[in-house]
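*Asks:* One structure is given below, represented as structure tokens, and several questions about it will come after.
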Amino acid sequence: MSFGNERPFPLPTKLPGQGSGPGVSKQRLVESRLLDLAGSLSSRIGVSRRSFLASASGMAAAFIALNAVHGPLFVVDAAEAADPAAAAERLGKLREQFIFDVQTHFVSDRYSRTGLLGLRELAKQWNPQLKGEKSTLASIRYENYIKEIFDKSDTTVALLSSAPSDRPDGWFLHNPEIVAARERINKLAGSRRILAHAVFTPGQPGWLDQLDQSIEMKPDSWKGYTLGSPSQSRWPWRLDDEKLVYPAYEKMLKAGVPIVCIHKGLLPSGYQKRLPNWRYGGPGDIAKAAEEWPQLTFVIYHSAIRSGSPPSRQELEQFEKTGQIPWLSELARIPQEHGVGNVYAELGSVFAISAISNPRYCSGILGTLLKGFGPERVLWGTDSVWYGSPQWQIEALRRVEIPQDLRRKFGFEALGAADGEVKRAVLGGNAARLYRIKPEKGLYNDRIAARKRGQLAG
């Protein structure tokens, strides 16, 4: 379904494991090895294969299968897959790690478009917990959001976001709905578990008045799409548009809400033909805005990676030769080239799409961002619940390491241990500092934590 000039939410034209191209045979081989492991280990443990895949041991088996195909990129012990107690022991040691997911979503009950379900179908290639699920709109609504973000993952705090549309019925959530969800969940928890974006839409009729209305709702930060929406829009814009957008920055600063989160990159296959305004999705307007508005913090979502699909053969070859990743490398050079410290990179979808489809490329993404921004300005985001519970992404980041040859070739630093300095900063410490949250303030003793402890005990 589409309305006027707007097209549906852009999805990859092919999923990993379909058609032909780089990574397809490896993805199929990973799936085959995982299913073989799940079959033998589930029988030994005495559970169904589906139950095994949804467990911590099943998650470990997935990383073992990935290492068998892609090389030793993930730290995993075979005992975790074979022995549920070993898997539980490892998880228990990390369960109170502070994790702040700055990009989470669900859709309202009025939302009726089913295109987003394609992302959960895509994630079935990567997320073993989704094996056998029948994706419906209920999968991406409020009730399942609570279960997947908090009950089924180690996420501590989440930022609830949305996306605009040229038509009101195309928004995942409108700003009052986001804020209402924040209040509802935090009341349920008895703590500050959810933060709220307010989406702003430069160029749309009455948008500055709507910004004023959003200020009254006291959002925690802002979210904008320079493409105008996730897909085709009549109202694309630039961050450095002095006439159109700078008045909004003035209002944001005056309101005391200086964090501006911007969707960049993540274009669908064939974007040159499908999205006439695709260049607005690039990073070319970031530096000037950051230089001229040092009081604002610009968080670039998806790290501006150009493609919303797993890397193509050409992109993989380019990276191996030069270390360059389209648009993302350009973003990573901004702090040094322009001397700005108010630009951050966010990992939503860019990590999810690459971590399992091509973990070596994923490690290069992390190395590039950490080299350009330092470990203190890279933020954790998962784009959940589009891809199911974020636990598989959390585990992937905890376990992934940059290979020695890429470190030598491109000057990347090691990521270190799951609870080491770098991963602690990325998974939660950086966002906690930015949003002025003290991780120790009651977040492990609230009602959500108590409910989770009860589920674990049961």
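Scheme for the structure tokens: letters A, B, ... for chains in order shown; per-chain residue numbers from 1; ligand numbers from 1 in order shown.
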Quick one: residues within 7 Å of segment 117-119 of chain A, only C-alpha atoms counted, chain neighbours fewer than 4 positions away excluded, as a PyMOL selection string?

*Replies:* chain A and resi 123+135-136+386-387

*Asks:* Compile the contact shell of Pro128 of chain A as a VMD selection string: residues with an atom at most 9 Å away, counting only C-alpha atoms, same-chain residues fewer than 5 positions apart removed.

*Replies:* chain A and resid 50 53 to 55 58 to 59 62 123 392

*Asks:* Convert the current residue selection to file output with C-alpha atoms, as a PDB file, in the first residue's frame.

*Replies:*
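Below is the file selection10.pdb, written as the result:
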ATOM      1  CA  ARG A  50      12.720 -24.899  18.477  1.00  0.00           C
ATOM      2  CA  LEU A  53      17.173 -22.434  19.365  1.00  0.00           C
ATOM      3  CA  ALA A  54      15.272 -20.000  21.607  1.00  0.00           C
ATOM      4  CA  SER A  55      17.597 -20.709  24.538  1.00  0.00           C
ATOM      5  CA  GLY A  58      20.884 -22.165  21.010  1.00  0.00           C
ATOM      6  CA  MET A  59      22.353 -18.665  20.801  1.00  0.00           C
ATOM      7  CA  ALA A  62      24.544 -19.957  16.365  1.00  0.00           C
ATOM      8  CA  ALA A 123      15.821 -11.432  10.969  1.00  0.00           C
ATOM      9  CA  TRP A 392      20.920 -11.815  19.856  1.00  0.00           C
TER      10      TRP A 392
END

*Asks:* Could you find all residues in segment 131-218 of chain A that DSSP calls strand (DSSP E or B) from the backbone, and write them as a list in words?

*Replies:*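 Going through segment 131-218 of chain A, the strand (DSSP E or B) residues come out as Val157, Ala158, Leu159, Leu160, Ile194, Leu195, Ala196, His197, Ala198 and Val199 of chain A.
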
*Asks:* Given the selection you just returned, output its residues as a file containing N, CA and C atoms, formatted as a compact mmCIF listing (two decimals), in the first residue's frame.

*Replies:*
# COMPACT_ATOMS: atom_id res chain seq x y z
N VAL A 157 17.68 0.16 29.74
CA VAL A 157 16.95 1.38 29.40
C VAL A 157 16.81 1.43 27.88
N ALA A 158 15.67 1.93 27.42
CA ALA A 158 15.43 2.01 25.98
C ALA A 158 14.87 3.38 25.61
N LEU A 159 15.25 3.86 24.46
CA LEU A 159 14.71 5.09 23.90
C LEU A 159 13.69 4.71 22.83
N LEU A 160 12.45 5.13 23.02
CA LEU A 160 11.38 4.80 22.09
C LEU A 160 11.35 5.83 20.98
N ILE A 194 12.18 3.96 30.15
CA ILE A 194 11.93 4.39 28.77
C ILE A 194 12.14 5.89 28.65
N LEU A 195 12.83 6.28 27.59
CA LEU A 195 12.94 7.68 27.19
C LEU A 195 12.19 7.84 25.88
N ALA A 196 11.86 9.08 25.52
CA ALA A 196 11.00 9.32 24.36
C ALA A 196 11.61 10.31 23.38
N HIS A 197 11.56 9.95 22.13
CA HIS A 197 11.84 10.88 21.05
C HIS A 197 10.61 11.73 20.75
N ALA A 198 10.83 12.90 20.19
CA ALA A 198 9.79 13.63 19.48
C ALA A 198 10.29 13.81 18.06
N VAL A 199 9.50 13.38 17.10
CA VAL A 199 9.87 13.46 15.70
C VAL A 199 9.56 14.85 15.17

*Asks:* I need the residues of segment 83-145 of chain A that end up classed as helix (DSSP H, G or I) by DSSP on the backbone, written out as a ChimeraX atom specification.

*Replies:* /A:84-94,117-123,128-130,137-140,142-145

*Asks:* Between segment 234-305 of chain A and segment 205-219 of chain A, at 12 Å or less, what are the per-residue closest atom pairs and their distances in Å? Count only C-alpha atoms, order by chain and rising residue number, and return it as JSON lines.

*Replies:*
{"residue": "A:Arg234", "atom": "CA", "partner": "A:Pro205", "partner_atom": "CA", "distance": 11.2}
{"residue": "A:Trp235", "atom": "CA", "partner": "A:Pro205", "partner_atom": "CA", "distance": 9.7}
{"residue": "A:Leu244", "atom": "CA", "partner": "A:Leu208", "partner_atom": "CA", "distance": 9.8}
{"residue": "A:Val245", "atom": "CA", "partner": "A:Leu208", "partner_atom": "CA", "distance": 9.5}
{"residue": "A:Tyr246", "atom": "CA", "partner": "A:Leu208", "partner_atom": "CA", "distance": 11.1}
{"residue": "A:Pro247", "atom": "CA", "partner": "A:Leu208", "partner_atom": "CA", "distance": 8.5}
{"residue": "A:Ala248", "atom": "CA", "partner": "A:Leu208", "partner_atom": "CA", "distance": 7.0}
{"residue": "A:Tyr249", "atom": "CA", "partner": "A:Leu211", "partner_atom": "CA", "distance": 10.5}
{"residue": "A:Glu250", "atom": "CA", "partner": "A:Leu208", "partner_atom": "CA", "distance": 11.3}
{"residue": "A:Lys251", "atom": "CA", "partner": "A:Asp212", "partner_atom": "CA", "distance": 7.9}
{"residue": "A:Met252", "atom": "CA", "partner": "A:Ile215", "partner_atom": "CA", "distance": 7.9}
{"residue": "A:Leu253", "atom": "CA", "partner": "A:Ile215", "partner_atom": "CA", "distance": 10.7}
{"residue": "A:Lys254", "atom": "CA", "partner": "A:Ile215", "partner_atom": "CA", "distance": 9.9}
{"residue": "A:Ala255", "atom": "CA", "partner": "A:Ile215", "partner_atom": "CA", "distance": 6.7}
{"residue": "A:Gly256", "atom": "CA", "partner": "A:Lys218", "partner_atom": "CA", "distance": 9.2}
{"residue": "A:Val257", "atom": "CA", "partner": "A:Pro219", "partner_atom": "CA", "distance": 7.4}
{"residue": "A:Pro258", "atom": "CA", "partner": "A:Pro219", "partner_atom": "CA", "distance": 10.5}
{"residue": "A:Ile259", "atom": "CA", "partner": "A:Pro219", "partner_atom": "CA", "distance": 10.1}
{"residue": "A:Val260", "atom": "CA", "partner": "A:Pro219", "partner_atom": "CA", "distance": 11.2}

*Asks:* Compile a residue-level contact table for segment 75-166 of chain A against segment 410-417 of chain A at a cut-off of 12 Å, reporting for every qualifying residue the shortest atom pair and its distance in Å to one decimal, with only C-alpha atoms counted, rows ordered by chain and ascending number, as a Markdown table.

*Replies:*
| residue | atom | partner | partner_atom | distance |
| --- | --- | --- | --- | --- |
| A:Val75 | CA | A:Ala417 | CA | 9.0 |
| A:Val76 | CA | A:Ala417 | CA | 11.7 |
| A:Leu94 | CA | A:Ala417 | CA | 11.2 |

*Asks:* Limited to N, CA and C atoms, could you put the picked residues into a file as a tab-separated table (two decimals), in the first residue's frame?

*Replies:*
chain	number	residue	atom	x	y	z
A	75	VAL	N	33.67	-14.85	20.23
A	75	VAL	CA	34.19	-15.59	21.37
A	75	VAL	C	33.07	-16.47	21.93
A	76	VAL	N	33.20	-17.78	21.81
A	76	VAL	CA	32.16	-18.69	22.28
A	76	VAL	C	32.81	-20.01	22.65
A	94	LEU	N	26.81	-11.61	33.22
A	94	LEU	CA	26.65	-10.38	32.45
A	94	LEU	C	25.27	-9.74	32.61

*Asks:* Report the distance between atom CA of Glu337 of chain A and atom CA of Tyr280 of chain A in Å, rounded to one decimal place.

*Replies:* 21.0 Å

*Asks:* Work out how far apart atom CA of Gly282 of chain A and atom CA of Gln318 of chain A are and give it in Å to one decimal.

*Replies:*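 Taking atom CA of Gly282 of chain A and atom CA of Gln318 of chain A, their separation equals 18.7 Å.
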
*Asks:* Give one line per residue of segment 368-457 of chain A that approaches segment 82-90 of chain A to at most 12 Å, naming the two atoms of the closest pair and their distance in Å to one decimal, counting only C-alpha atoms; sort by chain then ascending residue number and deliver it as JSON lines.

*Replies:*
{"residue": "A:Glu395", "atom": "CA", "partner": "A:Arg90", "partner_atom": "CA", "distance": 10.9}
{"residue": "A:Arg398", "atom": "CA", "partner": "A:Arg90", "partner_atom": "CA", "distance": 11.4}
{"residue": "A:Arg399", "atom": "CA", "partner": "A:Arg90", "partner_atom": "CA", "distance": 11.7}
{"residue": "A:Ala418", "atom": "CA", "partner": "A:Arg90", "partner_atom": "CA", "distance": 10.6}
{"residue": "A:Asp419", "atom": "CA", "partner": "A:Arg90", "partner_atom": "CA", "distance": 11.5}
{"residue": "A:Leu456", "atom": "CA", "partner": "A:Ala88", "partner_atom": "CA", "distance": 10.2}

*Asks:* For Ile140 of chain A, which residue out of A:Ser25, A:Ser161, A:Ser108, A:Ser57 is the nearest one, using only C-alpha atoms?

*Replies:* A:Ser108

*Asks:* For Gly170 of chain A, please output as a count of residues only all residues within 8 Å (counting only C-alpha atoms; exclusion window: fewer than 5 positions along the same chain).

*Replies:* 4
